>>> print(open('start_27.cif').read())   # mmCIF, C-alpha atoms and all ligand atoms
data_data
#
loop_
_atom_site.group_PDB
_atom_site.id
_atom_site.type_symbol
_atom_site.label_atom_id
_atom_site.label_comp_id
_atom_site.auth_asym_id
_atom_site.auth_seq_id
_atom_site.Cartn_x
_atom_site.Cartn_y
_atom_site.Cartn_z
ATOM 1 C CA MET A 27 0.000 0.000 0.000
ATOM 2 C CA ASN A 28 1.483 3.308 -1.102
ATOM 3 C CA ILE A 29 0.017 6.639 -0.119
ATOM 4 C CA ILE A 30 0.709 10.332 -0.328
ATOM 5 C CA LEU A 31 0.127 12.194 2.905
ATOM 6 C CA LEU A 32 -0.678 15.870 2.536
ATOM 7 C CA GLY A 33 -1.327 18.496 5.139
ATOM 8 C CA PRO A 34 -0.221 21.986 6.085
ATOM 9 C CA PRO A 35 2.154 22.569 8.995
ATOM 10 C CA GLY A 36 0.210 22.044 12.205
ATOM 11 C CA ALA A 37 -2.205 19.481 10.740
ATOM 12 C CA GLY A 38 -0.432 16.577 12.425
ATOM 13 C CA LYS A 39 1.093 14.973 9.335
ATOM 14 C CA GLY A 40 4.330 14.026 11.071
ATOM 15 C CA THR A 41 2.414 12.399 13.926
ATOM 16 C CA GLN A 42 0.313 10.313 11.550
ATOM 17 C CA ALA A 43 3.291 9.304 9.403
ATOM 18 C CA ALA A 44 5.242 8.177 12.470
ATOM 19 C CA ARG A 45 2.241 6.212 13.675
ATOM 20 C CA LEU A 46 1.811 4.449 10.331
ATOM 21 C CA GLU A 47 5.505 3.556 10.319
ATOM 22 C CA ALA A 48 5.209 2.067 13.806
ATOM 23 C CA SER A 49 1.871 0.303 13.400
ATOM 24 C CA ARG A 50 2.035 -0.858 9.780
ATOM 25 C CA GLY A 51 5.722 -0.981 8.963
ATOM 26 C CA MET A 52 5.259 1.622 6.252
ATOM 27 C CA VAL A 53 8.183 3.864 5.332
ATOM 28 C CA GLN A 54 7.974 7.620 5.053
ATOM 29 C CA LEU A 55 9.764 8.849 1.955
ATOM 30 C CA SER A 56 10.543 12.523 2.026
ATOM 31 C CA THR A 57 12.691 13.732 -0.854
ATOM 32 C CA GLY A 58 14.944 15.830 1.369
ATOM 33 C CA ASP A 59 15.738 12.862 3.621
ATOM 34 C CA MET A 60 16.174 10.514 0.664
ATOM 35 C CA LEU A 61 18.559 12.902 -1.027
ATOM 36 C CA ARG A 62 20.666 13.331 2.101
ATOM 37 C CA ALA A 63 20.741 9.567 2.680
ATOM 38 C CA ALA A 64 21.736 8.779 -0.923
ATOM 39 C CA VAL A 65 24.504 11.376 -0.865
ATOM 40 C CA ALA A 66 25.762 10.045 2.475
ATOM 41 C CA GLN A 67 25.705 6.437 1.234
ATOM 42 C CA GLY A 68 27.414 7.391 -2.013
ATOM 43 C CA SER A 69 24.936 5.398 -4.127
ATOM 44 C CA PRO A 70 25.204 5.990 -7.903
ATOM 45 C CA VAL A 71 22.230 8.352 -7.817
ATOM 46 C CA GLY A 72 23.581 9.956 -4.666
ATOM 47 C CA LEU A 73 26.911 10.695 -6.345
ATOM 48 C CA GLN A 74 25.093 12.212 -9.303
ATOM 49 C CA ALA A 75 22.933 14.357 -7.003
ATOM 50 C CA LYS A 76 25.972 15.426 -5.019
ATOM 51 C CA ALA A 77 27.767 16.645 -8.147
ATOM 52 C CA VAL A 78 24.710 18.633 -9.203
ATOM 53 C CA MET A 79 24.259 20.195 -5.758
ATOM 54 C CA GLU A 80 27.958 21.044 -5.485
ATOM 55 C CA ALA A 81 27.664 22.844 -8.793
ATOM 56 C CA GLY A 82 24.919 24.909 -7.166
ATOM 57 C CA GLU A 83 22.221 23.544 -9.436
ATOM 58 C CA LEU A 84 18.806 22.119 -8.696
ATOM 59 C CA VAL A 85 18.477 18.353 -8.660
ATOM 60 C CA SER A 86 16.495 17.411 -11.749
ATOM 61 C CA ASP A 87 13.269 15.418 -11.858
ATOM 62 C CA ALA A 88 15.195 12.582 -13.513
ATOM 63 C CA ILE A 89 17.558 12.312 -10.557
ATOM 64 C CA VAL A 90 14.704 12.524 -8.063
ATOM 65 C CA SER A 91 12.870 9.771 -9.952
ATOM 66 C CA ALA A 92 15.955 7.563 -9.938
ATOM 67 C CA LEU A 93 16.333 8.204 -6.231
ATOM 68 C CA ILE A 94 12.748 7.248 -5.486
ATOM 69 C CA GLY A 95 13.106 4.136 -7.632
ATOM 70 C CA GLU A 96 16.183 3.196 -5.614
ATOM 71 C CA ARG A 97 14.318 3.699 -2.335
ATOM 72 C CA LEU A 98 11.245 1.792 -3.515
ATOM 73 C CA ASP A 99 13.488 -1.151 -4.351
ATOM 74 C CA ALA A 100 15.200 -0.862 -0.970
ATOM 75 C CA ILE A 101 11.977 -0.894 1.056
ATOM 76 C CA ALA A 102 10.764 -3.850 -0.990
ATOM 77 C CA GLY A 103 7.015 -3.433 -0.920
ATOM 78 C CA LYS A 104 6.702 -2.289 2.689
ATOM 79 C CA GLY A 105 4.441 0.522 1.626
ATOM 80 C CA ALA A 106 5.569 4.088 1.111
ATOM 81 C CA ILE A 107 4.214 7.268 2.637
ATOM 82 C CA PHE A 108 5.253 9.974 0.192
ATOM 83 C CA ASP A 109 5.853 13.290 1.898
ATOM 84 C CA GLY A 110 6.681 16.434 -0.044
ATOM 85 C CA TYR A 111 6.674 14.598 -3.349
ATOM 86 C CA PRO A 112 5.323 14.858 -5.995
ATOM 87 C CA ARG A 113 5.134 18.615 -6.333
ATOM 88 C CA THR A 114 4.236 18.891 -10.002
ATOM 89 C CA ARG A 115 2.051 17.063 -12.480
ATOM 90 C CA ALA A 116 5.156 15.767 -14.283
ATOM 91 C CA GLN A 117 6.473 14.321 -11.022
ATOM 92 C CA ALA A 118 3.073 12.765 -10.304
ATOM 93 C CA GLU A 119 3.176 11.055 -13.708
ATOM 94 C CA ALA A 120 6.751 9.926 -13.083
ATOM 95 C CA LEU A 121 5.709 8.444 -9.741
ATOM 96 C CA ASP A 122 2.882 6.504 -11.389
ATOM 97 C CA LEU A 123 5.414 5.071 -13.823
ATOM 98 C CA LEU A 124 7.908 4.144 -11.074
ATOM 99 C CA LEU A 125 5.189 2.282 -9.194
ATOM 100 C CA THR A 126 3.783 0.586 -12.296
ATOM 101 C CA GLU A 127 7.261 -0.655 -13.216
ATOM 102 C CA ARG A 128 7.344 -2.392 -9.832
ATOM 103 C CA GLY A 129 3.862 -3.868 -10.093
ATOM 104 C CA GLN A 130 2.601 -1.376 -7.519
ATOM 105 C CA LYS A 131 0.312 1.604 -7.477
ATOM 106 C CA LEU A 132 -0.661 4.593 -5.430
ATOM 107 C CA GLU A 133 -3.721 3.688 -3.390
ATOM 108 C CA HIS A 134 -4.653 6.919 -1.657
ATOM 109 C CA VAL A 135 -3.822 10.585 -1.426
ATOM 110 C CA ILE A 136 -4.847 11.560 2.087
ATOM 111 C CA GLU A 137 -5.117 15.230 2.872
ATOM 112 C CA LEU A 138 -5.319 16.355 6.482
ATOM 113 C CA GLU A 139 -7.558 19.371 6.174
ATOM 114 C CA VAL A 140 -7.494 22.307 8.518
ATOM 115 C CA ASP A 141 -9.688 25.281 9.244
ATOM 116 C CA GLU A 142 -7.048 27.957 8.717
ATOM 117 C CA ASP A 143 -8.440 30.508 11.179
ATOM 118 C CA ALA A 144 -8.843 27.861 13.855
ATOM 119 C CA LEU A 145 -5.310 26.598 13.189
ATOM 120 C CA VAL A 146 -3.902 30.108 13.529
ATOM 121 C CA GLU A 147 -5.716 30.469 16.846
ATOM 122 C CA ARG A 148 -4.480 27.073 17.994
ATOM 123 C CA ILE A 149 -0.834 27.760 17.133
ATOM 124 C CA THR A 150 -0.544 31.413 18.131
ATOM 125 C CA GLY A 151 -2.104 30.718 21.537
ATOM 126 C CA ARG A 152 0.453 28.113 22.549
ATOM 127 C CA PHE A 153 2.936 28.745 25.301
ATOM 128 C CA SER A 154 4.762 26.553 27.735
ATOM 129 C CA CYS A 155 6.394 26.565 31.127
ATOM 130 C CA ALA A 156 9.969 27.816 30.794
ATOM 131 C CA ARG A 157 11.129 25.403 33.511
ATOM 132 C CA CYS A 158 9.318 22.070 32.972
ATOM 133 C CA GLY A 159 7.899 22.527 29.466
ATOM 134 C CA ALA A 160 4.263 21.887 30.443
ATOM 135 C CA PRO A 161 2.105 23.065 27.515
ATOM 136 C CA TYR A 162 -0.581 25.756 27.849
ATOM 137 C CA HIS A 163 -2.881 27.755 25.612
ATOM 138 C CA ASP A 164 -4.229 31.305 25.945
ATOM 139 C CA LYS A 165 -7.771 30.187 25.298
ATOM 140 C CA TYR A 166 -8.061 26.441 25.826
ATOM 141 C CA ASN A 167 -5.606 25.525 28.534
ATOM 142 C CA LEU A 168 -4.639 28.248 30.962
ATOM 143 C CA PRO A 169 -2.826 27.439 34.206
ATOM 144 C CA LYS A 170 -5.298 26.938 37.072
ATOM 145 C CA VAL A 171 -3.662 29.754 39.015
ATOM 146 C CA ASP A 172 -3.000 32.713 36.761
ATOM 147 C CA GLY A 173 0.694 32.987 35.863
ATOM 148 C CA THR A 174 1.777 29.876 37.773
ATOM 149 C CA CYS A 175 2.662 26.519 36.194
ATOM 150 C CA ASP A 176 0.279 23.755 37.366
ATOM 151 C CA VAL A 177 3.049 21.196 37.287
ATOM 152 C CA CYS A 178 6.102 22.821 38.816
ATOM 153 C CA GLY A 179 4.912 26.169 40.162
ATOM 154 C CA SER A 180 7.268 28.186 37.966
ATOM 155 C CA ARG A 181 6.106 31.705 37.052
ATOM 156 C CA GLU A 182 8.134 31.865 33.840
ATOM 157 C CA PHE A 183 6.618 30.937 30.500
ATOM 158 C CA LYS A 184 7.835 31.020 26.925
ATOM 159 C CA ARG A 185 6.511 31.116 23.362
ATOM 160 C CA ARG A 186 8.128 29.848 20.196
ATOM 161 C CA PRO A 187 9.067 32.717 17.889
ATOM 162 C CA ASP A 188 7.468 30.900 14.910
ATOM 163 C CA ASP A 189 4.103 30.734 16.636
ATOM 164 C CA ASN A 190 2.920 34.068 15.314
ATOM 165 C CA GLU A 191 0.084 34.736 12.896
ATOM 166 C CA GLU A 192 2.203 36.037 10.029
ATOM 167 C CA THR A 193 4.499 33.006 9.999
ATOM 168 C CA VAL A 194 1.605 30.566 10.256
ATOM 169 C CA ARG A 195 -0.369 32.269 7.454
ATOM 170 C CA THR A 196 2.735 32.314 5.238
ATOM 171 C CA ARG A 197 3.260 28.579 5.767
ATOM 172 C CA LEU A 198 -0.387 27.860 4.963
ATOM 173 C CA ALA A 199 -0.118 29.872 1.741
ATOM 174 C CA GLU A 200 3.075 27.991 0.796
ATOM 175 C CA TYR A 201 1.313 24.711 1.405
ATOM 176 C CA ARG A 202 -1.621 25.680 -0.836
ATOM 177 C CA ALA A 203 0.771 26.770 -3.587
ATOM 178 C CA LYS A 204 2.695 23.486 -3.381
ATOM 179 C CA THR A 205 -0.316 21.191 -3.506
ATOM 180 C CA ALA A 206 -2.356 23.141 -6.043
ATOM 181 C CA PRO A 207 -0.566 21.576 -9.050
ATOM 182 C CA ILE A 208 -1.051 17.957 -7.967
ATOM 183 C CA LEU A 209 -4.434 17.809 -6.252
ATOM 184 C CA PRO A 210 -6.412 18.067 -9.518
ATOM 185 C CA TYR A 211 -4.304 15.260 -11.027
ATOM 186 C CA TYR A 212 -5.278 12.903 -8.211
ATOM 187 C CA GLU A 213 -8.848 14.218 -7.942
ATOM 188 C CA GLU A 214 -9.374 13.177 -11.560
ATOM 189 C CA ARG A 215 -8.364 9.648 -10.566
ATOM 190 C CA GLY A 216 -10.636 9.631 -7.521
ATOM 191 C CA LEU A 217 -7.701 9.054 -5.151
ATOM 192 C CA VAL A 218 -8.033 12.055 -2.861
ATOM 193 C CA ARG A 219 -9.472 11.408 0.589
ATOM 194 C CA ARG A 220 -9.872 14.178 3.143
ATOM 195 C CA VAL A 221 -9.588 13.840 6.882
ATOM 196 C CA ASP A 222 -10.360 16.536 9.438
ATOM 197 C CA GLY A 223 -6.904 17.423 10.734
ATOM 198 C CA MET A 224 -8.453 19.613 13.453
ATOM 199 C CA ALA A 225 -10.018 16.616 15.204
ATOM 200 C CA PRO A 226 -8.318 15.045 18.244
ATOM 201 C CA VAL A 227 -5.282 13.026 17.216
ATOM 202 C CA GLU A 228 -6.949 9.639 17.992
ATOM 203 C CA GLU A 229 -9.882 10.552 15.741
ATOM 204 C CA VAL A 230 -7.541 11.554 12.935
ATOM 205 C CA ALA A 231 -5.722 8.236 13.376
ATOM 206 C CA ALA A 232 -8.990 6.289 13.259
ATOM 207 C CA ALA A 233 -10.085 8.099 10.097
ATOM 208 C CA VAL A 234 -6.745 7.436 8.382
ATOM 209 C CA ASP A 235 -6.855 3.774 9.419
ATOM 210 C CA ALA A 236 -10.397 3.411 8.089
ATOM 211 C CA ILE A 237 -9.235 4.683 4.694
ATOM 212 C CA LEU A 238 -6.215 2.358 4.613
ATOM 213 C CA ASP A 239 -8.341 -0.600 5.674
ATOM 214 C CA GLY A 240 -10.905 0.140 2.994
ATOM 215 C CA ALA A 241 -13.565 0.725 5.630
ATOM 216 C CA ALA A 242 -14.258 4.328 4.765
HETATM 217 ZN ZN ZN B 301 6.329 24.036 34.911
#
>>> encode(input="start_27.cif", output="structure tokens")
Amino acid sequence: MNIILLGPPGAGKGTQAARLEASRGMVQLSTGDMLRAAVAQGSPVGLQAKAVMEAGELVSDAIVSALIGERLDAIAGKGAIFDGYPRTRAQAEALDLLLTERGQKLEHVIELEVDEDALVERITGRFSCARCGAPYHDKYNLPKVDGTCDVCGSREFKRRPDDNEETVRTRLAEYRAKTAPILPYYEERGLVRRVDGMAPVEEVAAAVDAILDGAA
């Protein structure tokens, strides 16, 4: 079973991918990781990619395809979770070909959907205890005693610099721009399944499992 997992930052994609790796033995294939691994291992494709990158050029679709073919052979039918690939229609067609050549196919494109305003509220409201790391939220999870950590009693809190509205909105826009070219390609084939990424993590997991098990 091979799938593409899509979702903007904050939708819980990493959590779901890690869970599928642990529970089903699937392997997450992200192009960045694959490229780094191939270069480090010095595989034929890795050496080619290294030369291109050292020349300051972009790694071509042909090299990326060869790399994915190499990885698909290495994971030997365990089931791939494609992450960050394909990005274009040409890459989507190349992926179909790579899978067909191996007697496999892409079963599902699962998109973790988010309500963007709610996601912004969720992310920008987060803060945590500076001493013990206990997580809090301005609206949904304030300390019981104002300004005092429930767990350790510390009165110091911190926020991540990236958890601001502008950064979150920019990332959401980047995500939409990246997926826009490939979603129609998979919609035409009836492969796209949408899951509410705003639901509690166990519900998201159950919905993803139902799709993979053919029960939804
Ligand atoms: Zn604390």
>>> residues_around(input="start_27.cif", residues="A:Leu124", least_positions_apart="6", cutoff="12 Å", atoms="only C-alpha atoms", output="PDB file with C-alpha atoms, in the coordinates of the input")
ATOM      1  CA  ASN A  28       1.483   3.308  -1.102  1.00  0.00           C
ATOM      2  CA  ALA A  88      15.195  12.582 -13.513  1.00  0.00           C
ATOM      3  CA  VAL A  90      14.704  12.524  -8.063  1.00  0.00           C
ATOM      4  CA  SER A  91      12.870   9.771  -9.952  1.00  0.00           C
ATOM      5  CA  ALA A  92      15.955   7.563  -9.938  1.00  0.00           C
ATOM      6  CA  LEU A  93      16.333   8.204  -6.231  1.00  0.00           C
ATOM      7  CA  ILE A  94      12.748   7.248  -5.486  1.00  0.00           C
ATOM      8  CA  GLY A  95      13.106   4.136  -7.632  1.00  0.00           C
ATOM      9  CA  GLU A  96      16.183   3.196  -5.614  1.00  0.00           C
ATOM     10  CA  ARG A  97      14.318   3.699  -2.335  1.00  0.00           C
ATOM     11  CA  LEU A  98      11.245   1.792  -3.515  1.00  0.00           C
ATOM     12  CA  ASP A  99      13.488  -1.151  -4.351  1.00  0.00           C
ATOM     13  CA  GLN A 117       6.473  14.321 -11.022  1.00  0.00           C
ATOM     14  CA  ALA A 118       3.073  12.765 -10.304  1.00  0.00           C
ATOM     15  CA  GLN A 130       2.601  -1.376  -7.519  1.00  0.00           C
ATOM     16  CA  LYS A 131       0.312   1.604  -7.477  1.00  0.00           C
ATOM     17  CA  LEU A 132      -0.661   4.593  -5.430  1.00  0.00           C
TER      18      LEU A 132
END
>>> closest_residue(input="start_27.cif", among="A:Glu191, A:Asp87, A:Glu214, A:Asp59", to="A:Glu142", atoms="only C-alpha atoms")
A:Glu191
>>> residues_near_ligand(input="start_27.cif", ligand="ligand ZN 301 (chain B)", cutoff="9 Å", atoms="all atoms listed in the file", output="count of residues only")
18
>>> resolve_selection(input="start_27.cif", expression="the PyMOL selection byres (((chain A and resi 189) around 8) and not hetatm)", output="PDB file with C-alpha atoms, keeping the file's coordinate frame")
ATOM      1  CA  ILE A 149      -0.834  27.760  17.133  1.00  0.00           C
ATOM      2  CA  THR A 150      -0.544  31.413  18.131  1.00  0.00           C
ATOM      3  CA  GLY A 151      -2.104  30.718  21.537  1.00  0.00           C
ATOM      4  CA  ARG A 152       0.453  28.113  22.549  1.00  0.00           C
ATOM      5  CA  ARG A 185       6.511  31.116  23.362  1.00  0.00           C
ATOM      6  CA  ARG A 186       8.128  29.848  20.196  1.00  0.00           C
ATOM      7  CA  PRO A 187       9.067  32.717  17.889  1.00  0.00           C
ATOM      8  CA  ASP A 188       7.468  30.900  14.910  1.00  0.00           C
ATOM      9  CA  ASN A 190       2.920  34.068  15.314  1.00  0.00           C
ATOM     10  CA  GLU A 191       0.084  34.736  12.896  1.00  0.00           C
ATOM     11  CA  THR A 193       4.499  33.006   9.999  1.00  0.00           C
ATOM     12  CA  VAL A 194       1.605  30.566  10.256  1.00  0.00           C
TER      13      VAL A 194
END
>>> atom_distance(input="start_27.cif", atom1="atom CA of A:Lys184", atom2="atom CA of A:Leu145")
19.5 Å
>>> closest_residue(input="start_27.cif", among="A:Ala75, A:Ala37, A:Ala225, A:Val230", to="A:Arg197", atoms="all atoms listed in the file")
A:Ala37
>>> atom_distance(input="start_27.cif", atom1="atom CA of A:Leu31", atom2="atom CA of A:Glu147")
23.7 Å
>>> residues_around(input="start_27.cif", residues="stretch 204-212 of chain A", least_positions_apart="6", cutoff="8 Å", atoms="only C-alpha atoms", output="list in words")
Pro112, Arg113, Thr114, Arg115, Ala118, Val135 and Val218 of chain A
>>> write_last_selection(input="start_27.cif", atoms="C-alpha atoms", output="PDB file, keeping the file's coordinate frame")
ATOM      1  CA  PRO A 112       5.323  14.858  -5.995  1.00  0.00           C
ATOM      2  CA  ARG A 113       5.134  18.615  -6.333  1.00  0.00           C
ATOM      3  CA  THR A 114       4.236  18.891 -10.002  1.00  0.00           C
ATOM      4  CA  ARG A 115       2.051  17.063 -12.480  1.00  0.00           C
ATOM      5  CA  ALA A 118       3.073  12.765 -10.304  1.00  0.00           C
ATOM      6  CA  VAL A 135      -3.822  10.585  -1.426  1.00  0.00           C
ATOM      7  CA  VAL A 218      -8.033  12.055  -2.861  1.00  0.00           C
TER       8      VAL A 218
END
>>> resolve_selection(input="start_27.cif", expression="the PyMOL selection byres (((chain A and resi 57) around 9) and not hetatm)", output="list in words")
Leu55, Ser56, Gly58, Asp59, Met60, Leu61, Arg62, Val90, Leu93, Ile94, Phe108, Asp109, Gly110 and Tyr111 of chain A
>>> atom_distance(input="start_27.cif", atom1="atom CA of A:Val146", atom2="atom CA of A:Leu198")
9.5 Å
>>> closest_residue(input="start_27.cif", among="A:Pro226, A:Ala81, A:Ala100, A:Tyr162", to="A:Thr41", atoms="all atoms listed in the file")
A:Pro226
>>> resolve_selection(input="start_27.cif", expression="the PyMOL selection byres (((chain A and resi 76) around 12) and not hetatm)", output="tab-separated table (two decimals) with C-alpha atoms, in the frame of the given file")
chain	number	residue	atom	x	y	z
A	61	LEU	CA	18.56	12.90	-1.03
A	62	ARG	CA	20.67	13.33	2.10
A	63	ALA	CA	20.74	9.57	2.68
A	64	ALA	CA	21.74	8.78	-0.92
A	65	VAL	CA	24.50	11.38	-0.86
A	66	ALA	CA	25.76	10.04	2.48
A	67	GLN	CA	25.70	6.44	1.23
A	68	GLY	CA	27.41	7.39	-2.01
A	69	SER	CA	24.94	5.40	-4.13
A	70	PRO	CA	25.20	5.99	-7.90
A	71	VAL	CA	22.23	8.35	-7.82
A	72	GLY	CA	23.58	9.96	-4.67
A	73	LEU	CA	26.91	10.70	-6.34
A	74	GLN	CA	25.09	12.21	-9.30
A	75	ALA	CA	22.93	14.36	-7.00
A	77	ALA	CA	27.77	16.64	-8.15
A	78	VAL	CA	24.71	18.63	-9.20
A	79	MET	CA	24.26	20.20	-5.76
A	80	GLU	CA	27.96	21.04	-5.48
A	81	ALA	CA	27.66	22.84	-8.79
A	82	GLY	CA	24.92	24.91	-7.17
A	83	GLU	CA	22.22	23.54	-9.44
A	84	LEU	CA	18.81	22.12	-8.70
A	85	VAL	CA	18.48	18.35	-8.66
A	86	SER	CA	16.50	17.41	-11.75
A	89	ILE	CA	17.56	12.31	-10.56
>>> build_atoms(input="start_27.cif", residues="stretch 31-57 of chain A", atoms="N, CA and C atoms", output="CSV table (one decimal), in the frame of the given file")
chain,number,residue,atom,x,y,z
A,31,LEU,N,0.7,11.5,1.8
A,31,LEU,CA,0.1,12.2,2.9
A,31,LEU,C,0.3,13.7,2.7
A,32,LEU,N,-0.8,14.4,2.7
A,32,LEU,CA,-0.7,15.9,2.5
A,32,LEU,C,-1.3,16.6,3.7
A,33,GLY,N,-0.7,17.7,4.1
A,33,GLY,CA,-1.3,18.5,5.1
A,33,GLY,C,-0.4,19.7,5.5
A,34,PRO,N,-1.0,20.8,5.8
A,34,PRO,CA,-0.2,22.0,6.1
A,34,PRO,C,0.5,21.8,7.4
A,35,PRO,N,1.5,22.6,7.7
A,35,PRO,CA,2.2,22.6,9.0
A,35,PRO,C,1.1,22.8,10.1
A,36,GLY,N,1.2,21.9,11.1
A,36,GLY,CA,0.2,22.0,12.2
A,36,GLY,C,-1.0,21.1,12.1
A,37,ALA,N,-1.1,20.4,10.9
A,37,ALA,CA,-2.2,19.5,10.7
A,37,ALA,C,-1.9,18.1,11.4
A,38,GLY,N,-0.7,17.9,11.8
A,38,GLY,CA,-0.4,16.6,12.4
A,38,GLY,C,0.1,15.5,11.5
A,39,LYS,N,0.6,15.9,10.3
A,39,LYS,CA,1.1,15.0,9.3
A,39,LYS,C,2.2,14.1,9.9
A,40,GLY,N,3.2,14.8,10.5
A,40,GLY,CA,4.3,14.0,11.1
A,40,GLY,C,3.9,13.0,12.1
A,41,THR,N,2.9,13.3,12.9
A,41,THR,CA,2.4,12.4,13.9
A,41,THR,C,1.8,11.2,13.3
A,42,GLN,N,1.0,11.4,12.2
A,42,GLN,CA,0.3,10.3,11.6
A,42,GLN,C,1.3,9.5,10.8
A,43,ALA,N,2.3,10.1,10.1
A,43,ALA,CA,3.3,9.3,9.4
A,43,ALA,C,4.1,8.4,10.3
A,44,ALA,N,4.5,9.0,11.5
A,44,ALA,CA,5.2,8.2,12.5
A,44,ALA,C,4.4,7.0,13.0
A,45,ARG,N,3.1,7.3,13.2
A,45,ARG,CA,2.2,6.2,13.7
A,45,ARG,C,2.1,5.1,12.6
A,46,LEU,N,2.0,5.5,11.4
A,46,LEU,CA,1.8,4.4,10.3
A,46,LEU,C,3.1,3.6,10.2
A,47,GLU,N,4.2,4.3,10.4
A,47,GLU,CA,5.5,3.6,10.3
A,47,GLU,C,5.5,2.5,11.4
A,48,ALA,N,5.1,3.0,12.6
A,48,ALA,CA,5.2,2.1,13.8
A,48,ALA,C,4.2,1.0,13.7
A,49,SER,N,2.9,1.3,13.3
A,49,SER,CA,1.9,0.3,13.4
A,49,SER,C,1.8,-0.6,12.2
A,50,ARG,N,2.2,-0.1,11.0
A,50,ARG,CA,2.0,-0.9,9.8
A,50,ARG,C,3.3,-1.2,9.1
A,51,GLY,N,4.4,-0.7,9.6
A,51,GLY,CA,5.7,-1.0,9.0
A,51,GLY,C,5.9,-0.2,7.7
A,52,MET,N,5.1,0.8,7.5
A,52,MET,CA,5.3,1.6,6.3
A,52,MET,C,6.5,2.5,6.4
A,53,VAL,N,7.0,3.1,5.3
A,53,VAL,CA,8.2,3.9,5.3
A,53,VAL,C,7.9,5.2,4.7
A,54,GLN,N,8.2,6.3,5.5
A,54,GLN,CA,8.0,7.6,5.1
A,54,GLN,C,9.1,8.0,4.1
A,55,LEU,N,8.7,8.4,2.9
A,55,LEU,CA,9.8,8.8,2.0
A,55,LEU,C,9.6,10.4,1.7
A,56,SER,N,10.5,11.1,2.3
A,56,SER,CA,10.5,12.5,2.0
A,56,SER,C,11.8,12.8,1.2
A,57,THR,N,11.6,13.6,0.1
A,57,THR,CA,12.7,13.7,-0.9
A,57,THR,C,14.0,14.3,-0.2
